[in-house]
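A.B. asks: The structure's right below; bear with me while I get my questions together.
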2 protein chains.
Amino acid sequence: MNIRIGIMGYGNLGRGIECAIRQNPDMELVAVFTRRPPESVKILTPGVKVYHADEAVAKKDEIDVLILCGGSATDLPTQTPEYAKYFNVIDSFDTHAKIPEHFAAVDAVAKQSGNVAVISCGWDPGMFSINRLYASAILPEGKDYTFWGKGVSQGHSDAIRRIEGVLDAKQYTIPIDEALNAVRSGETPEFTARQKHLRECFVVAAEGADKARIENEIKTMPNYFADYDTIVHFISQDELKRDHSGIPHGGFVIRSGKTGADKEHTHIIEYSLKLDSNPEFTASVIVACARAVYRMRREGMTGCKTIFDLPPSYLSPMSGEELRKHLL
Amino acid sequence: MNIRIGIMGYGNLGRGIECAIRQNPDMELVAVFTRRPPESVKILTPGVKVYHADEAVAKKDEIDVLILCGGSATDLPTQTPEYAKYFNVIDSFDTHAKIPEHFAAVDAVAKQSGNVAVISCGWDPGMFSINRLYASAILPEGKDYTFWGKGVSQGHSDAIRRIEGVLDAKQYTIPIDEALNAVRSGETPEFTARQKHLRECFVVAAEGADKARIENEIKTMPNYFADYDTIVHFISQDELKRDHSGIPHGGFVIRSGKTGADKEHTHIIEYSLKLDSNPEFTASVIVACARAVYRMRREGMTGCKTIFDLPPSYLSPMSGEELRKHLL
């Protein structure tokens with residue numbers, strides 16, 4: 001029997017989940033839920049219906065795992081605990097500082113309802129976190145570094161759009177090669193924010209707007225840009241659409257550490273991602289982890305987990321025998 | 001209470017295990033076992049005794065996990081099932097084709113004795129295997145590639161040493177940049193052995209030996225060299241000792257895959273290792289996994305496992321709360 005998946009929220013991530021399900025023959029999309037008028041939402045999968053979010057609970061017996069595709073700022077802190085009352089759930093909550101609080105809220109509900117929840121799933125938090133964990137467990141005396149990009153930061157792009165005279169904007173976070181190479185050489189430097197990442201902005205200004213003022217406001221914006229070297233390009237709306245409509249991302253987790261009787265040997269562990277579509281890759285990680293949620297539930301587990309708690313084999317459709325034979 | 005470790009076999013790997021234990025404050029070396037005369041084996045850890053292998057079983061109540069450091073060809077196929085009768089055990093069995101058979105033998109014994117065994121732990125099989133698994137679960141429509149090196153292949157070095165007129169030799173396996181870069185670009189080529197790896201040999205010939213014949217015998221040796229481009233350098237024993245006495249290794253696991261409604265997006269996942277000491281890094285992975293063995297045993301699990309079955313969190317000394325707070 002297939003694993004029956006429901007999608008809550010049909011934006012970029014929800015669409016990515018739908019596409020990923022089609023690449024996994026042991027999974028089946030059974031319903032999409034939205035807060036918009038359901039008839040206004042067109043999905044890709046023939047025969048699958050779109051319902052209003054209010055109808056989700058009534059469908060609980062038809063869904064093995066409900067994938068929550070809302071935002072971390074306002075949606076997930078309430079949605080994940082709420083739906084864990086009725087469903088096995090998985091989310092991509094990515095406000096790092098609030099993960100412990102979110103975990104506690106979801107865990108309490110999921111333990112009471114007897115469901116399994118996985119929070120903070122994707123690539124960071126997610127695959128990058130796993131790589132930080134493995135690398136630090138293997139090389140306890142060492143230091144790890146996470147670099148992001150080259151990729152689009154939605155938060156930084158939004159911040160530019162709020163500036164007066166800006167019609168549209170896209171911001172790329174770019175890791176700095178010198179810093180990457182220093183880490184790869186086994187050095188363990190302390191970096192400032194400026195030494196690790198560069199920020200490149202493509203900005204569409206309103207006609208007659210003061211570009212010098214806009215550029216200055218971007219470059220001096222606290223938290224977002226002031227601590228970085230920032231490059232600003234003014235381009236037309238057509239150019240922005242033509243050259244910058246993708247949502248690429250990626251990054252690097254690198255740990256160097258020492259071993260040996262006198263710490264005489266250096267080792268470098270590097271994990272990197274180069275992603276054409278940030279939401280589709282995030283969705284692909286979530287869908288693999290939804291398989292783990294389903295299996296844990298069948299084994300009688302309950303409560304909130306993270307990707308740290310999932311045996312790698314639970315993410316794969318292959319049996320233990322197949323995995324040992326073909327991938328070990 | 002610390003996790004009490006025993007080491008069976010004190011060669012390069014056993015010494016690496018001893019060093020790794022010293023980097024993990026929750027672990028403690030309690031005994032080293034050897035088939036050599038125990039008094040002939042000098043270890044690094046003050047206060048820890050070396051015993052003959054025959055005395056191991058008598059010490060079973062003092063040891064939480066026995067780490068088996070023998071070779072895959074002849075030692076581990078008998079040692080791991082034998083010691084799983086008395087101990088929780090972990091080995092680095094790396095004959096890929098025989099893993100299913102070894103697993104079955106160890107599993108039967110460990111289930112009966114109520115112990116936990118982990119086999120085939122290290123970096124390949126081991127961390128590379130995990131990365132093949134995660135990447136294929138996340139990107140089901142894709143292809144993965146494993147490259148090894150630059151590093152010393154013991155098997156190939158030994159094969160050269162068996163040639164008449166060769167006094168000593170060291171062989172490096174080197175991944176070919178063009179192949180690596182093709183994979184990184186998202187292409188999914190089929191490679192011949194020759195296209196993926198180069199073999200570079202440093203050979204000490206006996207005085208008066210026919211170097212042209214030796215070079216030809218190396219380059220045409222079936223299985224080992226005939227299918228590769230091979231470079232042979234003749235050097236002196238002093239040069240070999242000075243420049244080639246290390247045991248570096250490493251490699252790359254790269255998967256590229258497609259996502260999206262029309263498979264229009266490409267993603268590249270890359271995991272790489274650059275290791276000054278192959279045995280010390282292997283030992284570091286094993287010691288982290290020994291922590292997982294200990295925890296699984298305490299939870300009442302029994303039988304044979306592989307690194308695929310270990311939740312990542314079990315490898316870390318940090319608690320779930322700490323992991324979620326600092327690494328997620």
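Letters A, B, ... mark the chains of the structure tokens in the order given; residue numbers begin at 1 per chain; ligand numbers begin at 1, in order shown.
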For Asp309 in chain B, find every residue with an atom within 8 Å (counting only C-alpha atoms), except residues of its own chain fewer than 5 positions away, and show them as a list in words.
C.D. replies: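 So, after excluding close chain neighbours, the residues are Pro311, Pro312 and Ser313 of chain A.
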A.B. asks: Store the residues picked out above, limited to N, CA, C and O atoms, as a PDB file, in the first residue's frame.
C.D. replies:
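selection21.pdb, written as the output of this step:
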```pdb
ATOM      1  N   PRO A 311      16.966   6.970  11.456  1.00  0.00           N
ATOM      2  CA  PRO A 311      17.997   6.117  10.845  1.00  0.00           C
ATOM      3  C   PRO A 311      17.990   6.370   9.327  1.00  0.00           C
ATOM      4  O   PRO A 311      16.922   6.415   8.720  1.00  0.00           O
ATOM      5  N   PRO A 312      19.169   6.549   8.715  1.00  0.00           N
ATOM      6  CA  PRO A 312      19.195   6.848   7.275  1.00  0.00           C
ATOM      7  C   PRO A 312      18.361   5.871   6.440  1.00  0.00           C
ATOM      8  O   PRO A 312      17.689   6.283   5.492  1.00  0.00           O
ATOM      9  N   SER A 313      18.369   4.596   6.822  1.00  0.00           N
ATOM     10  CA  SER A 313      17.635   3.592   6.038  1.00  0.00           C
ATOM     11  C   SER A 313      16.142   3.897   5.953  1.00  0.00           C
ATOM     12  O   SER A 313      15.495   3.508   4.986  1.00  0.00           O
TER      13      SER A 313
END
```
A.B. asks: Here's a check: after a least-squares fit over all in-order C-alpha atoms, write chain A in the frame of chain B, as a short mmCIF file (atom, residue, chain, number, x, y, z; two decimals) with C-alpha atoms, in the first residue's frame.
C.D. replies:
```cif
data_model
loop_
_atom_site.label_atom_id
_atom_site.label_comp_id
_atom_site.auth_asym_id
_atom_site.auth_seq_id
_atom_site.Cartn_x
_atom_site.Cartn_y
_atom_site.Cartn_z
CA MET A 1 29.90 6.07 33.50
CA ASN A 2 32.26 5.88 30.55
CA ILE A 3 31.81 3.55 27.61
CA ARG A 4 34.41 0.81 28.13
CA ILE A 5 36.18 -0.16 24.90
CA GLY A 6 38.35 -3.15 24.08
CA ILE A 7 40.57 -3.26 20.99
CA MET A 8 41.20 -6.57 19.21
CA GLY A 9 44.30 -6.26 17.03
CA TYR A 10 46.88 -3.52 17.33
CA GLY A 11 48.03 -2.49 13.84
CA ASN A 12 47.44 0.86 12.14
CA LEU A 13 43.69 0.69 12.73
CA GLY A 14 43.98 -0.43 16.36
CA ARG A 15 46.42 2.39 17.07
CA GLY A 16 43.99 4.81 15.39
CA ILE A 17 41.18 3.56 17.64
CA GLU A 18 43.35 4.12 20.71
CA CYS A 19 44.07 7.72 19.62
CA ALA A 20 40.39 8.38 18.83
CA ILE A 21 39.26 7.14 22.25
CA ARG A 22 41.51 9.76 23.84
CA GLN A 23 39.57 12.46 21.95
CA ASN A 24 36.22 11.29 23.35
CA PRO A 25 35.87 11.98 27.08
CA ASP A 26 32.87 9.66 27.47
CA MET A 27 34.98 6.68 26.38
CA GLU A 28 37.67 4.67 28.03
CA LEU A 29 40.10 2.08 26.71
CA VAL A 30 40.15 -0.89 29.06
CA ALA A 31 42.18 -3.52 27.21
CA VAL A 32 44.08 -4.27 24.01
CA PHE A 33 44.16 -7.85 22.71
CA THR A 34 46.73 -9.20 20.28
CA ARG A 35 47.80 -12.48 18.71
CA ARG A 36 51.43 -11.45 19.13
CA PRO A 37 53.24 -11.99 22.44
CA PRO A 38 51.54 -9.28 24.58
CA GLU A 39 54.83 -8.11 26.09
CA SER A 40 56.07 -7.24 22.58
CA VAL A 41 53.24 -4.75 22.00
CA LYS A 42 53.73 -1.22 23.34
CA ILE A 43 50.64 0.97 23.46
CA LEU A 44 50.17 4.68 24.14
CA THR A 45 47.65 4.70 27.00
CA PRO A 46 49.18 4.64 30.48
CA GLY A 47 47.73 2.02 32.81
CA VAL A 48 46.04 -0.06 30.13
CA LYS A 49 47.24 -3.63 29.66
CA VAL A 50 47.84 -5.69 26.56
CA TYR A 51 46.53 -9.26 26.69
CA HIS A 52 46.75 -12.22 24.38
CA ALA A 53 43.66 -12.59 22.19
CA ASP A 54 42.91 -15.86 23.99
CA GLU A 55 42.21 -13.93 27.18
CA ALA A 56 39.54 -11.68 25.66
CA VAL A 57 36.47 -13.75 26.52
CA ALA A 58 37.43 -13.80 30.20
CA LYS A 59 37.27 -9.99 30.19
CA LYS A 60 33.82 -9.76 28.65
CA ASP A 61 32.14 -8.20 31.69
CA GLU A 62 34.62 -5.33 31.73
CA ILE A 63 34.01 -4.29 28.12
CA ASP A 64 30.96 -2.57 26.67
CA VAL A 65 32.09 -2.66 23.03
CA LEU A 66 34.87 -4.73 21.48
CA ILE A 67 36.32 -3.09 18.37
CA LEU A 68 37.66 -5.64 15.89
CA CYS A 69 40.65 -4.31 13.98
CA GLY A 70 41.55 -7.34 11.87
CA GLY A 71 41.59 -7.62 8.09
CA SER A 72 38.59 -8.33 5.90
CA ALA A 73 40.19 -11.14 3.91
CA THR A 74 40.74 -13.70 6.65
CA ASP A 75 40.30 -12.21 10.16
CA LEU A 76 36.86 -10.62 10.31
CA PRO A 77 34.78 -13.32 8.57
CA THR A 78 35.53 -15.59 11.55
CA GLN A 79 36.32 -13.06 14.31
CA THR A 80 33.18 -10.94 14.16
CA PRO A 81 30.68 -13.82 14.49
CA GLU A 82 32.89 -15.48 17.11
CA TYR A 83 33.20 -12.42 19.37
CA ALA A 84 29.55 -11.42 18.89
CA LYS A 85 28.82 -14.44 21.09
CA TYR A 86 30.35 -12.60 24.05
CA PHE A 87 30.57 -8.90 23.22
CA ASN A 88 28.87 -6.02 21.51
CA VAL A 89 31.19 -5.69 18.53
CA ILE A 90 32.00 -3.38 15.66
CA ASP A 91 34.16 -4.04 12.61
CA SER A 92 35.26 -2.38 9.37
CA PHE A 93 34.62 -5.33 7.03
CA ASP A 94 35.11 -3.84 3.57
CA THR A 95 34.79 -6.64 1.02
CA HIS A 96 31.70 -5.10 -0.57
CA ALA A 97 30.57 -8.22 -2.41
CA LYS A 98 30.59 -10.35 0.76
CA ILE A 99 28.76 -7.93 3.05
CA PRO A 100 25.37 -9.74 2.83
CA GLU A 101 26.97 -13.04 3.82
CA HIS A 102 28.98 -11.47 6.65
CA PHE A 103 25.87 -9.63 7.89
CA ALA A 104 23.84 -12.85 8.02
CA ALA A 105 26.54 -14.72 9.94
CA VAL A 106 27.00 -11.94 12.51
CA ASP A 107 23.26 -11.26 12.84
CA ALA A 108 22.44 -14.87 13.70
CA VAL A 109 25.02 -14.97 16.49
CA ALA A 110 24.26 -11.50 17.89
CA LYS A 111 20.53 -12.18 18.03
CA GLN A 112 21.16 -15.40 19.92
CA SER A 113 23.62 -13.87 22.37
CA GLY A 114 21.59 -10.70 22.85
CA ASN A 115 24.43 -8.47 21.70
CA VAL A 116 24.57 -5.64 19.18
CA ALA A 117 27.01 -5.78 16.27
CA VAL A 118 27.78 -3.13 13.68
CA ILE A 119 29.69 -4.26 10.60
CA SER A 120 31.36 -2.45 7.69
CA CYS A 121 31.99 0.79 9.51
CA GLY A 122 34.47 3.42 8.31
CA TRP A 123 34.32 5.74 5.32
CA ASP A 124 33.78 3.34 2.41
CA PRO A 125 31.88 1.32 3.44
CA GLY A 126 30.64 3.85 5.96
CA MET A 127 30.30 7.59 5.49
CA PHE A 128 30.38 7.25 1.69
CA SER A 129 27.62 4.64 1.88
CA ILE A 130 25.43 6.93 4.02
CA ASN A 131 25.91 9.71 1.51
CA ARG A 132 24.97 7.43 -1.38
CA LEU A 133 21.84 6.46 0.55
CA TYR A 134 20.74 9.98 1.54
CA ALA A 135 21.42 11.38 -1.92
CA SER A 136 19.54 8.62 -3.73
CA ALA A 137 16.57 8.87 -1.34
CA ILE A 138 16.38 12.65 -1.87
CA LEU A 139 16.92 12.60 -5.63
CA PRO A 140 15.40 9.32 -6.85
CA GLU A 141 15.82 10.33 -10.49
CA GLY A 142 19.54 10.77 -10.76
CA LYS A 143 22.86 9.01 -10.79
CA ASP A 144 25.68 8.86 -8.31
CA TYR A 145 29.39 8.50 -8.70
CA THR A 146 32.06 7.51 -6.22
CA PHE A 147 35.66 8.59 -6.82
CA TRP A 148 38.54 7.53 -4.59
CA GLY A 149 41.74 9.38 -3.85
CA LYS A 150 44.12 10.90 -4.02
CA GLY A 151 45.26 8.13 -1.75
CA VAL A 152 47.34 5.05 -1.14
CA SER A 153 45.89 1.71 -2.20
CA GLN A 154 47.43 -1.00 -0.05
CA GLY A 155 46.25 -3.75 -2.39
CA HIS A 156 47.82 -2.16 -5.46
CA SER A 157 51.05 -1.39 -3.61
CA ASP A 158 51.24 -5.03 -2.51
CA ALA A 159 50.63 -6.21 -6.08
CA ILE A 160 53.62 -4.21 -7.31
CA ARG A 161 55.82 -5.56 -4.52
CA ARG A 162 55.17 -9.11 -5.72
CA ILE A 163 56.86 -8.36 -9.07
CA GLU A 164 60.37 -9.81 -9.44
CA GLY A 165 63.04 -7.16 -8.94
CA VAL A 166 60.81 -4.82 -6.88
CA LEU A 167 62.02 -4.09 -3.35
CA ASP A 168 59.25 -1.74 -2.29
CA ALA A 169 56.42 0.29 -3.81
CA LYS A 170 53.57 2.67 -3.11
CA GLN A 171 50.57 3.20 -5.40
CA TYR A 172 48.32 6.26 -5.41
CA THR A 173 44.81 6.17 -6.83
CA ILE A 174 43.99 9.59 -8.31
CA PRO A 175 40.55 10.73 -9.46
CA ILE A 176 40.57 12.40 -12.87
CA ASP A 177 39.50 16.05 -12.77
CA GLU A 178 37.72 16.00 -16.13
CA ALA A 179 35.46 13.19 -14.89
CA LEU A 180 34.79 14.93 -11.56
CA ASN A 181 33.93 18.16 -13.31
CA ALA A 182 31.64 16.47 -15.81
CA VAL A 183 29.64 14.97 -12.93
CA ARG A 184 29.60 18.27 -11.05
CA SER A 185 28.18 20.00 -14.11
CA GLY A 186 25.10 17.78 -13.93
CA GLU A 187 26.01 15.48 -16.79
CA THR A 188 25.44 11.79 -16.11
CA PRO A 189 28.09 10.09 -18.23
CA GLU A 190 29.02 6.41 -18.26
CA PHE A 191 32.72 6.18 -17.49
CA THR A 192 35.23 3.46 -18.15
CA ALA A 193 37.62 2.70 -15.28
CA ARG A 194 40.32 4.58 -17.21
CA GLN A 195 38.22 7.72 -17.42
CA LYS A 196 37.60 7.93 -13.67
CA HIS A 197 40.93 7.15 -12.02
CA LEU A 198 44.64 7.36 -12.73
CA ARG A 199 47.23 5.13 -11.01
CA GLU A 200 50.61 6.55 -10.01
CA CYS A 201 53.29 4.19 -8.72
CA PHE A 202 56.53 4.86 -6.87
CA VAL A 203 58.78 1.83 -7.18
CA VAL A 204 62.10 0.88 -5.60
CA ALA A 205 63.86 -1.57 -7.94
CA ALA A 206 66.64 -3.95 -6.93
CA GLU A 207 70.08 -3.05 -8.21
CA GLY A 208 70.50 -4.24 -11.77
CA ALA A 209 66.83 -5.08 -12.19
CA ASP A 210 65.28 -4.55 -15.63
CA LYS A 211 63.18 -1.43 -15.07
CA ALA A 212 61.55 -1.56 -18.47
CA ARG A 213 60.29 -5.09 -17.74
CA ILE A 214 59.03 -4.05 -14.29
CA GLU A 215 57.21 -1.04 -15.70
CA ASN A 216 55.64 -3.20 -18.38
CA GLU A 217 54.57 -5.85 -15.87
CA ILE A 218 52.90 -3.19 -13.73
CA LYS A 219 51.09 -1.49 -16.60
CA THR A 220 49.74 -4.72 -18.05
CA MET A 221 48.75 -6.40 -14.78
CA PRO A 222 45.12 -7.56 -15.18
CA ASN A 223 42.47 -6.19 -12.75
CA TYR A 224 44.97 -3.99 -10.94
CA PHE A 225 46.46 -1.79 -13.69
CA ALA A 226 45.66 -2.93 -17.23
CA ASP A 227 42.38 -0.99 -17.37
CA TYR A 228 43.92 2.29 -16.17
CA ASP A 229 46.43 4.85 -17.31
CA THR A 230 49.36 4.15 -15.05
CA ILE A 231 52.42 6.27 -14.33
CA VAL A 232 55.52 4.53 -12.95
CA HIS A 233 58.37 6.37 -11.20
CA PHE A 234 61.51 4.57 -10.06
CA ILE A 235 62.92 6.08 -6.89
CA SER A 236 65.34 5.09 -4.13
CA GLN A 237 64.33 3.44 -0.88
CA ASP A 238 65.33 6.64 0.95
CA GLU A 239 63.09 8.74 -1.29
CA LEU A 240 60.20 6.33 -0.80
CA LYS A 241 60.61 6.57 2.95
CA ARG A 242 61.02 10.35 2.94
CA ASP A 243 58.21 11.28 0.54
CA HIS A 244 55.74 8.39 0.60
CA SER A 245 55.48 7.00 4.11
CA GLY A 246 52.08 8.54 4.89
CA ILE A 247 48.75 6.81 4.37
CA PRO A 248 46.59 9.63 2.97
CA HIS A 249 43.30 8.93 1.23
CA GLY A 250 39.94 10.44 0.48
CA GLY A 251 37.45 10.73 -2.30
CA PHE A 252 34.13 12.04 -3.52
CA VAL A 253 30.52 10.87 -3.62
CA ILE A 254 28.55 13.00 -6.06
CA ARG A 255 24.94 12.60 -7.11
CA SER A 256 23.14 14.71 -9.63
CA GLY A 257 19.41 14.47 -10.01
CA LYS A 258 16.44 16.22 -11.52
CA THR A 259 13.28 17.65 -9.99
CA GLY A 260 10.32 19.72 -11.14
CA ALA A 261 7.15 19.23 -13.12
CA ASP A 262 9.18 18.60 -16.28
CA LYS A 263 12.48 17.57 -14.62
CA GLU A 264 13.71 21.04 -15.50
CA HIS A 265 15.88 21.56 -12.41
CA THR A 266 19.22 19.91 -11.68
CA HIS A 267 20.73 19.47 -8.24
CA ILE A 268 24.24 18.38 -7.28
CA ILE A 269 24.99 16.81 -3.90
CA GLU A 270 28.68 16.32 -3.19
CA TYR A 271 30.42 14.76 -0.18
CA SER A 272 34.18 14.68 -0.06
CA LEU A 273 36.95 13.60 2.27
CA LYS A 274 40.59 14.66 2.29
CA LEU A 275 42.39 12.53 4.84
CA ASP A 276 45.97 12.72 6.06
CA SER A 277 45.63 9.27 7.61
CA ASN A 278 43.23 6.70 6.25
CA PRO A 279 43.40 4.37 9.30
CA GLU A 280 43.01 7.19 11.84
CA PHE A 281 39.96 8.61 10.08
CA THR A 282 38.44 5.13 9.73
CA ALA A 283 39.09 4.65 13.45
CA SER A 284 37.39 7.96 14.25
CA VAL A 285 34.23 6.87 12.42
CA ILE A 286 34.28 3.50 14.18
CA VAL A 287 34.65 5.06 17.63
CA ALA A 288 31.67 7.40 17.03
CA CYS A 289 29.64 4.38 15.90
CA ALA A 290 30.77 2.39 18.97
CA ARG A 291 28.82 4.99 20.96
CA ALA A 292 25.75 4.06 18.93
CA VAL A 293 26.37 0.35 19.59
CA TYR A 294 26.49 1.04 23.32
CA ARG A 295 23.25 3.04 23.24
CA MET A 296 21.37 0.51 21.13
CA ARG A 297 22.40 -2.27 23.51
CA ARG A 298 21.16 -0.27 26.51
CA GLU A 299 17.85 0.20 24.74
CA GLY A 300 17.51 -3.55 24.46
CA MET A 301 18.24 -3.95 20.76
CA THR A 302 20.09 -7.03 19.52
CA GLY A 303 21.49 -8.34 16.25
CA CYS A 304 23.60 -6.98 13.44
CA LYS A 305 23.25 -3.42 12.19
CA THR A 306 25.07 -1.22 9.73
CA ILE A 307 25.66 2.50 9.71
CA PHE A 308 22.38 2.76 7.72
CA ASP A 309 20.47 1.71 10.82
CA LEU A 310 22.02 4.17 13.27
CA PRO A 311 20.13 7.40 13.97
CA PRO A 312 22.76 10.16 13.49
CA SER A 313 22.13 11.43 17.03
CA TYR A 314 23.42 8.12 18.46
CA LEU A 315 26.92 8.91 17.16
CA SER A 316 27.20 12.16 19.11
CA PRO A 317 28.00 12.62 22.80
CA MET A 318 25.56 15.56 22.87
CA SER A 319 22.00 15.15 24.17
CA GLY A 320 18.98 15.58 21.92
CA GLU A 321 18.38 19.04 23.43
CA GLU A 322 21.97 20.15 22.81
CA LEU A 323 21.93 18.82 19.25
CA ARG A 324 18.69 20.61 18.40
CA LYS A 325 19.94 23.83 19.96
CA HIS A 326 23.45 23.90 18.52
CA LEU A 327 23.61 21.80 15.35
CA LEU A 328 20.12 21.71 13.82
#
```
